[in-house]
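To start, the structure under review is shown below, and the notes come after it.
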Amino acid sequence: MRIGFDAKRYFNNQSGLGNYSRGIIRNLAELYPGHEYFLFNKHSVEELFSRKIKVINPESKSFF
């Protein structure tokens with residue numbers, strides 16, 4: 001299954017909702033490794049993610 005998240009809080013909030021969203025996505029990726037997770041963000045980021053977690057932004061070449 002492909003699951004997308006609005007990742008604005010994930011990248012922009014260092015506490016509160018940011019911590020919550022990072023925890024949810026990290027736990028889902030660990031508990032359900034068969035799924036793909038897409039983090040939608042309007043800015044490009046330099047963070048490295050696993051092959052199952054991808055960042056999608058306006059500069060991304062392809063979504064699927």
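Just remember, in the structure tokens the first chain shown is A, the second B, etc., residues are 1-based per chain, and ligands are 1-based in the order shown.
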Please provide as a PyMOL selection string all residues within 8 Å of stretch 30-44 of chain A, with the sequence filter that same-chain residues fewer than 4 positions apart are discarded (counting only C-alpha atoms). chain A and resi 1-8+11+25-26+52-59
May I have the residues from that selection written out with all heavy atoms, as a compact mmCIF listing (two decimals), in the first residue's frame?
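Output (part.txt):
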```
# COMPACT_ATOMS: atom_id res chain seq x y z
N MET A 1 0.84 -1.16 0.00
CA MET A 1 0.00 0.00 0.00
C MET A 1 0.90 1.23 0.00
O MET A 1 1.96 1.25 0.62
CB MET A 1 -0.90 -0.01 1.24
CG MET A 1 -1.79 1.17 1.33
SD MET A 1 -2.80 1.27 2.84
CE MET A 1 -3.70 -0.24 2.75
N ARG A 2 0.47 2.26 -0.66
CA ARG A 2 1.18 3.55 -0.67
C ARG A 2 0.41 4.52 0.21
O ARG A 2 -0.78 4.74 0.03
CB ARG A 2 1.26 4.08 -2.08
CG ARG A 2 2.14 3.23 -2.94
CD ARG A 2 2.16 3.74 -4.34
NE ARG A 2 3.19 3.04 -5.07
CZ ARG A 2 3.27 3.05 -6.39
NH1 ARG A 2 2.40 3.73 -7.09
NH2 ARG A 2 4.23 2.39 -6.98
N ILE A 3 1.11 5.13 1.15
CA ILE A 3 0.48 6.01 2.12
C ILE A 3 1.19 7.36 2.07
O ILE A 3 2.41 7.43 2.17
CB ILE A 3 0.58 5.42 3.54
CG1 ILE A 3 -0.07 4.03 3.56
CG2 ILE A 3 -0.07 6.34 4.56
CD1 ILE A 3 0.19 3.25 4.82
N GLY A 4 0.41 8.42 1.91
CA GLY A 4 0.97 9.76 1.83
C GLY A 4 0.61 10.60 3.05
O GLY A 4 -0.46 10.44 3.63
N PHE A 5 1.54 11.45 3.44
CA PHE A 5 1.35 12.33 4.59
C PHE A 5 1.67 13.76 4.20
O PHE A 5 2.65 14.01 3.51
CB PHE A 5 2.31 11.96 5.73
CG PHE A 5 2.07 10.62 6.33
CD1 PHE A 5 2.76 9.52 5.87
CD2 PHE A 5 1.14 10.45 7.35
CE1 PHE A 5 2.56 8.27 6.42
CE2 PHE A 5 0.93 9.20 7.89
CZ PHE A 5 1.63 8.11 7.43
N ASP A 6 0.86 14.70 4.68
CA ASP A 6 1.23 16.11 4.61
C ASP A 6 2.32 16.28 5.66
O ASP A 6 2.05 16.19 6.86
CB ASP A 6 0.03 16.98 4.92
CG ASP A 6 0.35 18.47 4.95
OD1 ASP A 6 1.54 18.83 4.86
OD2 ASP A 6 -0.59 19.26 5.07
N ALA A 7 3.54 16.49 5.24
CA ALA A 7 4.69 16.47 6.15
C ALA A 7 5.15 17.85 6.59
O ALA A 7 6.28 18.02 7.04
CB ALA A 7 5.83 15.70 5.50
N LYS A 8 4.29 18.83 6.49
CA LYS A 8 4.66 20.18 6.90
C LYS A 8 5.12 20.21 8.36
O LYS A 8 6.17 20.75 8.68
CB LYS A 8 3.47 21.11 6.69
CG LYS A 8 3.71 22.55 7.03
CD LYS A 8 2.56 23.37 6.51
CE LYS A 8 1.95 24.20 7.59
NZ LYS A 8 0.85 25.02 7.10
N PHE A 11 8.59 18.34 9.10
CA PHE A 11 9.83 19.06 8.79
C PHE A 11 9.97 20.41 9.49
O PHE A 11 11.08 20.86 9.72
CB PHE A 11 9.95 19.26 7.28
CG PHE A 11 10.16 17.99 6.53
CD1 PHE A 11 9.16 17.46 5.74
CD2 PHE A 11 11.36 17.30 6.63
CE1 PHE A 11 9.35 16.27 5.04
CE2 PHE A 11 11.56 16.11 5.95
CZ PHE A 11 10.55 15.59 5.15
N ILE A 25 5.21 8.19 11.73
CA ILE A 25 5.77 7.71 10.46
C ILE A 25 6.88 6.70 10.71
O ILE A 25 6.95 5.66 10.05
CB ILE A 25 6.24 8.90 9.61
CG1 ILE A 25 5.02 9.72 9.18
CG2 ILE A 25 7.04 8.43 8.40
CD1 ILE A 25 5.32 11.08 8.62
N ARG A 26 7.74 6.97 11.67
CA ARG A 26 8.82 6.03 11.99
C ARG A 26 8.25 4.69 12.46
O ARG A 26 8.68 3.62 12.01
CB ARG A 26 9.73 6.63 13.07
CG ARG A 26 10.89 5.74 13.48
CD ARG A 26 11.78 6.35 14.54
NE ARG A 26 11.02 6.75 15.73
CZ ARG A 26 10.83 8.02 16.12
NH1 ARG A 26 11.35 9.01 15.43
NH2 ARG A 26 10.13 8.30 17.20
N LYS A 52 11.72 2.97 1.68
CA LYS A 52 10.28 2.92 1.88
C LYS A 52 9.67 4.28 2.22
O LYS A 52 8.47 4.43 2.20
CB LYS A 52 9.93 1.92 3.00
CG LYS A 52 10.25 0.50 2.64
CD LYS A 52 9.35 0.05 1.51
CE LYS A 52 9.68 -1.36 1.08
NZ LYS A 52 8.87 -1.78 -0.03
N ILE A 53 10.52 5.25 2.59
CA ILE A 53 10.02 6.59 2.91
C ILE A 53 10.63 7.56 1.91
O ILE A 53 11.84 7.70 1.82
CB ILE A 53 10.40 7.00 4.34
CG1 ILE A 53 9.82 6.02 5.35
CG2 ILE A 53 9.94 8.41 4.63
CD1 ILE A 53 10.23 6.29 6.78
N LYS A 54 9.76 8.23 1.15
CA LYS A 54 10.21 9.16 0.11
C LYS A 54 9.62 10.53 0.35
O LYS A 54 8.48 10.65 0.76
CB LYS A 54 9.80 8.64 -1.26
CG LYS A 54 10.39 7.28 -1.59
CD LYS A 54 9.84 6.77 -2.91
CE LYS A 54 10.46 5.46 -3.25
NZ LYS A 54 9.87 4.30 -2.63
N VAL A 55 10.40 11.57 0.07
CA VAL A 55 9.92 12.94 0.18
C VAL A 55 9.50 13.40 -1.21
O VAL A 55 10.25 13.27 -2.17
CB VAL A 55 11.01 13.88 0.75
CG1 VAL A 55 10.51 15.31 0.78
CG2 VAL A 55 11.42 13.41 2.13
N ILE A 56 8.29 13.93 -1.30
CA ILE A 56 7.76 14.45 -2.56
C ILE A 56 7.61 15.96 -2.40
O ILE A 56 6.99 16.44 -1.46
CB ILE A 56 6.37 13.82 -2.88
CG1 ILE A 56 6.44 12.30 -2.87
CG2 ILE A 56 5.85 14.35 -4.20
CD1 ILE A 56 7.38 11.71 -3.89
N ASN A 57 8.20 16.70 -3.32
CA ASN A 57 8.09 18.16 -3.32
C ASN A 57 7.96 18.62 -4.77
O ASN A 57 8.06 17.81 -5.68
CB ASN A 57 9.29 18.79 -2.60
CG ASN A 57 10.61 18.43 -3.23
OD1 ASN A 57 10.81 18.62 -4.42
ND2 ASN A 57 11.52 17.88 -2.45
N PRO A 58 7.72 19.90 -5.00
CA PRO A 58 7.56 20.38 -6.38
C PRO A 58 8.74 20.07 -7.29
O PRO A 58 8.59 19.99 -8.51
CB PRO A 58 7.37 21.88 -6.23
CG PRO A 58 6.82 22.06 -4.86
CD PRO A 58 7.48 20.96 -4.03
N GLU A 59 9.93 19.86 -6.73
CA GLU A 59 11.10 19.58 -7.53
C GLU A 59 11.26 18.09 -7.84
O GLU A 59 12.12 17.71 -8.61
CB GLU A 59 12.34 20.10 -6.81
CG GLU A 59 12.31 21.60 -6.59
CD GLU A 59 13.29 22.06 -5.55
OE1 GLU A 59 14.03 21.23 -4.99
OE2 GLU A 59 13.33 23.27 -5.30
```
I need the helix (DSSP H, G or I) residues of chain A per DSSP on the backbone, written as a PyMOL selection string. chain A and resi 8-12+17-31
Using DSSP on the backbone, list every residue of stretch 3-58 of chain A that comes out as strand (DSSP E or B), and give them as a PyMOL selection string. chain A and resi 3-6+36-40+53-56
Work out how far apart atom CA of A:Tyr10 and atom CA of A:Ile24 are and give it in Å to one decimal.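 That distance, rounded to one decimal, is 10.0 Å.
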